[in-house]
Structure formats: structure tokens, C-alpha cells
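A.B. asks: Enclosed is the structure file work35.csv (CSV, C-alpha atoms).
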chain,number,residue,atom,x,y,z
A,1463,MET,CA,-15.3,5.2,-10.4
A,1464,GLY,CA,-17.5,5.9,-7.5
A,1465,ASN,CA,-16.8,7.6,-4.2
A,1466,VAL,CA,-13.4,6.4,-2.9
A,1467,HIS,CA,-12.6,6.4,0.8
A,1468,ILE,CA,-9.1,5.7,2.1
A,1469,GLU,CA,-8.8,4.5,5.7
A,1470,PHE,CA,-5.3,4.5,7.2
A,1471,PRO,CA,-4.7,2.4,10.4
A,1472,ALA,CA,-6.2,3.9,13.5
A,1473,ASP,CA,-2.7,4.7,15.0
A,1474,PHE,CA,-1.6,6.6,11.8
A,1475,ASP,CA,-0.9,9.9,13.6
A,1476,GLU,CA,1.8,12.4,12.8
A,1477,ARG,CA,4.5,10.4,14.5
A,1478,ALA,CA,3.5,7.2,12.6
A,1479,ARG,CA,3.5,9.1,9.3
A,1480,VAL,CA,7.2,10.1,9.9
A,1481,GLU,CA,8.2,6.6,11.1
A,1482,HIS,CA,6.5,4.7,8.3
A,1483,GLU,CA,8.0,7.1,5.7
A,1484,MET,CA,11.5,6.4,7.2
A,1485,LYS,CA,10.8,2.6,7.3
A,1486,GLY,CA,9.5,2.6,3.8
A,1487,TRP,CA,6.5,0.5,4.5
A,1488,LEU,CA,2.9,0.7,5.6
A,1489,GLY,CA,0.3,-2.0,5.6
A,1490,GLY,CA,-3.3,-2.2,6.6
A,1491,VAL,CA,-4.6,0.7,4.5
A,1492,THR,CA,-8.2,0.0,3.5
A,1493,VAL,CA,-9.7,1.3,0.2
A,1494,ARG,CA,-13.5,1.5,0.0
A,1495,VAL,CA,-15.5,2.4,-3.1
A,1496,ALA,CA,-19.2,3.4,-2.9
A,1497,PRO,CA,-21.8,2.8,-4.0
A,1498,ASN,CA,-20.7,-0.8,-5.0
A,1499,GLY,CA,-19.3,-1.3,-1.5
A,1500,TRP,CA,-16.1,-3.1,-2.5
A,1501,HIS,CA,-13.1,-2.8,-0.3
A,1502,ALA,CA,-9.5,-3.9,-0.3
A,1503,SER,CA,-6.5,-3.8,2.0
A,1504,VAL,CA,-3.3,-2.5,0.5
A,1505,THR,CA,0.3,-2.3,1.5
A,1506,PHE,CA,2.8,0.4,0.4
A,1507,VAL,CA,6.5,0.0,0.1
A,1508,ASP,CA,9.3,2.1,-1.2
A,1509,PRO,CA,12.0,0.8,-3.6
A,1510,VAL,CA,14.7,0.6,-0.9
A,1511,ARG,CA,12.6,-1.4,1.5
A,1512,LEU,CA,11.5,-3.7,-1.4
A,1513,SER,CA,15.1,-4.3,-2.3
A,1514,GLN,CA,15.9,-5.1,1.3
A,1515,GLU,CA,13.0,-7.6,1.5
A,1516,LEU,CA,14.1,-9.2,-1.7
A,1517,ALA,CA,17.7,-9.6,-0.5
A,1518,ASP,CA,16.5,-11.0,2.8
A,1519,ASN,CA,14.3,-13.5,1.0
A,1520,ALA,CA,17.0,-14.5,-1.4
A,1521,ALA,CA,19.4,-15.1,1.5
A,1522,ARG,CA,16.8,-17.6,2.8
A,1523,GLY,CA,16.6,-19.3,-0.6
A,1524,LYS,CA,13.4,-17.5,-1.8
A,1525,PRO,CA,14.5,-14.9,-4.3
A,1526,TRP,CA,11.1,-13.2,-4.7
A,1527,VAL,CA,8.6,-10.9,-3.0
A,1528,PHE,CA,4.9,-11.3,-3.5
A,1529,GLU,CA,2.0,-9.8,-1.7
A,1530,SER,CA,-1.6,-9.1,-2.8
A,1531,ASN,CA,-2.4,-5.4,-3.3
A,1532,LEU,CA,1.3,-4.3,-2.9
A,1533,ILE,CA,1.8,-0.7,-4.2
A,1534,VAL,CA,5.4,0.5,-4.7
A,1535,VAL,CA,5.8,4.3,-4.2
A,1536,GLU,CA,8.9,6.5,-4.4
A,1537,ARG,CA,8.3,7.5,-0.8
A,1538,VAL,CA,5.8,6.2,1.7
A,1539,SER,CA,4.1,9.6,2.3
A,1540,GLU,CA,0.4,10.1,2.7
A,1541,ASP,CA,0.2,12.2,-0.5
A,1542,ASN,CA,2.0,9.5,-2.5
A,1543,MET,CA,-0.2,6.8,-1.1
A,1544,ARG,CA,-3.5,8.7,-1.8
A,1545,ARG,CA,-2.4,9.6,-5.3
A,1546,ALA,CA,-1.3,6.0,-6.1
A,1547,ILE,CA,-4.6,4.6,-5.0
A,1548,MET,CA,-6.6,7.1,-7.0
A,1549,ASP,CA,-4.5,6.5,-10.1
A,1550,ALA,CA,-4.7,2.8,-9.7
A,1551,ILE,CA,-8.5,2.9,-9.6
A,1552,ALA,CA,-8.7,5.4,-12.5
A,1553,GLU,CA,-6.5,3.1,-14.6
A,1554,GLY,CA,-8.6,0.0,-13.8
A,1555,VAL,CA,-6.1,-1.8,-11.6
A,1556,VAL,CA,-7.8,-4.9,-10.1
A,1557,PHE,CA,-7.4,-5.2,-6.4
A,1558,ALA,CA,-7.9,-8.5,-4.4
A,1559,LEU,CA,-11.1,-7.6,-2.6
A,1560,GLY,CA,-11.7,-8.0,1.1
A,1561,ARG,CA,-14.5,-9.9,2.6
Would you kindly transcribe this structure into C-alpha cells?
C.D. replies:
Amino acid sequence: MGNVHIEFPADFDERARVEHEMKGWLGGVTVRVAPNGWHASVTFVDPVRLSQELADNAARGKPWVFESNLIVVERVSEDNMRRAIMDAIAEGVVFALGR
């Protein structure tokens, strides 16, 4: 599996952790795996936020949500995000790689 490094956005401080957990969404998390050097940007969303996005899209005539490297977690907490990434890699989930 290699050495996995998870990089949260630069402004992901304690206040941001609380705010993103309440919002149910966090994008711009980078996952890097050494020694092969691949990296991917992932987005996290909780089920409530995902439902809201789906309803908003449906109201605009697009009843779907799609995004590369979207991970749905019960709660957008740092622990849940880290565990989800590690489990995804361990289970062989294929991420759309960054350039």
C-alpha cells in the first residue's frame, strides 16, 4: 500500500474542523502515496448534505450528484476522513489521480 500522507487544506484549523463538520462537506483534501508518488484530491460529504445537494440539483432538472473522488462519511470529522481514506486504499478503491 505504501506510505500514505493526507494533506488537509492549509486553513483547516480547529475552527474550520468544527465548521466543516457542521456543514457536512470538505473538499481539497490531497492523498499522496509514496514511493509511487500518485496523488488524488478527494471531497468528503455527509448523507444530509448529499441529500440537500441532490434535492437542489433535482429542483434544477438534474436529479443526480456526481463528483470524482467523492467519499460519503457519516460525519465530516478528521478521524472519519482519515479512516475512510485508509480503508479505501486498503480495499483497492481506484481514485482519479491528480497531475
A.B. asks: So, with all atoms listed in the file as the atoms that count, which of A:Val1480, A:Val1504, A:Val1495, A:Val1527 lies closest to Asn1465 of chain A?
C.D. replies: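 Nearest candidate to Asn1465 of chain A out of A:Val1480, A:Val1504, A:Val1495, A:Val1527: A:Val1495.
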A.B. asks: Using all atoms listed in the file, which residues sit within 8 Å of Trp1487 of chain A once same-chain residues fewer than 6 positions away are excluded, as a PyMOL selection string?
C.D. replies: chain A and resi 1505-1508+1511+1538
A.B. asks: The selected residues should be written to file as a PDB file, in the frame of the given file (atoms: C-alpha atoms).
C.D. replies:
ATOM      1  CA  THR A1505       0.300  -2.300   1.500  1.00  0.00           C
ATOM      2  CA  PHE A1506       2.800   0.400   0.400  1.00  0.00           C
ATOM      3  CA  VAL A1507       6.500   0.000   0.100  1.00  0.00           C
ATOM      4  CA  ASP A1508       9.300   2.100  -1.200  1.00  0.00           C
ATOM      5  CA  ARG A1511      12.600  -1.400   1.500  1.00  0.00           C
ATOM      6  CA  VAL A1538       5.800   6.200   1.700  1.00  0.00           C
TER       7      VAL A1538
END
A.B. asks: To one decimal place in Å, what is the distance between atom CA of Ala1478 of chain A and atom CA of Trp1500 of chain A?
C.D. replies: 26.8 Å
A.B. asks: By how many Å are atom CA of Ala1496 of chain A and atom CA of Val1466 of chain A apart?
C.D. replies: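 We find that atom CA of Ala1496 of chain A and atom CA of Val1466 of chain A lie 6.5 Å from each other.
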A.B. asks: Taking all atoms listed in the file into account, name the residue in A:Val1555, A:Gly1486, A:Val1535, A:His1501 that is nearest to Glu1515 of chain A.
C.D. replies: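 Among the listed residues, the smallest separation from Glu1515 of chain A belongs to A:Gly1486.
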A.B. asks: Quick check, in Å to one decimal: how far apart do atom CA of Pro1471 of chain A and atom CA of Gln1514 of chain A lie?
C.D. replies: 23.7 Å
A.B. asks: Quick one: of A:Arg1477, A:Leu1559, A:His1482, A:Leu1488, who's nearest to Ser1530 of chain A, counting only C-alpha atoms?
C.D. replies: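 Residue with the minimum atom-to-atom distance to Ser1530 of chain A: A:Leu1559.
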A.B. asks: Looking at A:Phe1528, A:Met1543, A:His1467, A:Ala1472, which one is nearest to Leu1516 of chain A, with distances taken over all atoms listed in the file?
C.D. replies: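 Smallest distance to Leu1516 of chain A is found for A:Phe1528.
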A.B. asks: Can you tell me, as a list of chain:residue names, what residues are no more than 10 Å from Arg1479 of chain A when counting all atoms listed in the file, ignoring any on the same chain fewer than 4 positions away?
C.D. replies: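 So the residues in contact are A:Asp1473, A:Phe1474, A:Asp1475, A:Glu1483, A:Met1484, A:Lys1485, A:Leu1488, A:Val1538, A:Ser1539, A:Glu1540.
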A.B. asks: Kindly indicate which residue among A:Ala1552, A:Glu1469, A:Glu1481, A:Pro1525 lies nearest to Leu1512 of chain A, using all atoms listed in the file for the distances.
C.D. replies: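 Ranking A:Ala1552, A:Glu1469, A:Glu1481, A:Pro1525 by distance to Leu1512 of chain A, first place goes to A:Pro1525.
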A.B. asks: Under the rule that all atoms listed in the file are counted, which of A:Ala1558, A:Ile1533, A:Val1491, A:Ala1520 is the nearest residue to Ala1546 of chain A?
C.D. replies: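 Of the candidates, the smallest distance to Ala1546 of chain A is held by A:Ile1533.
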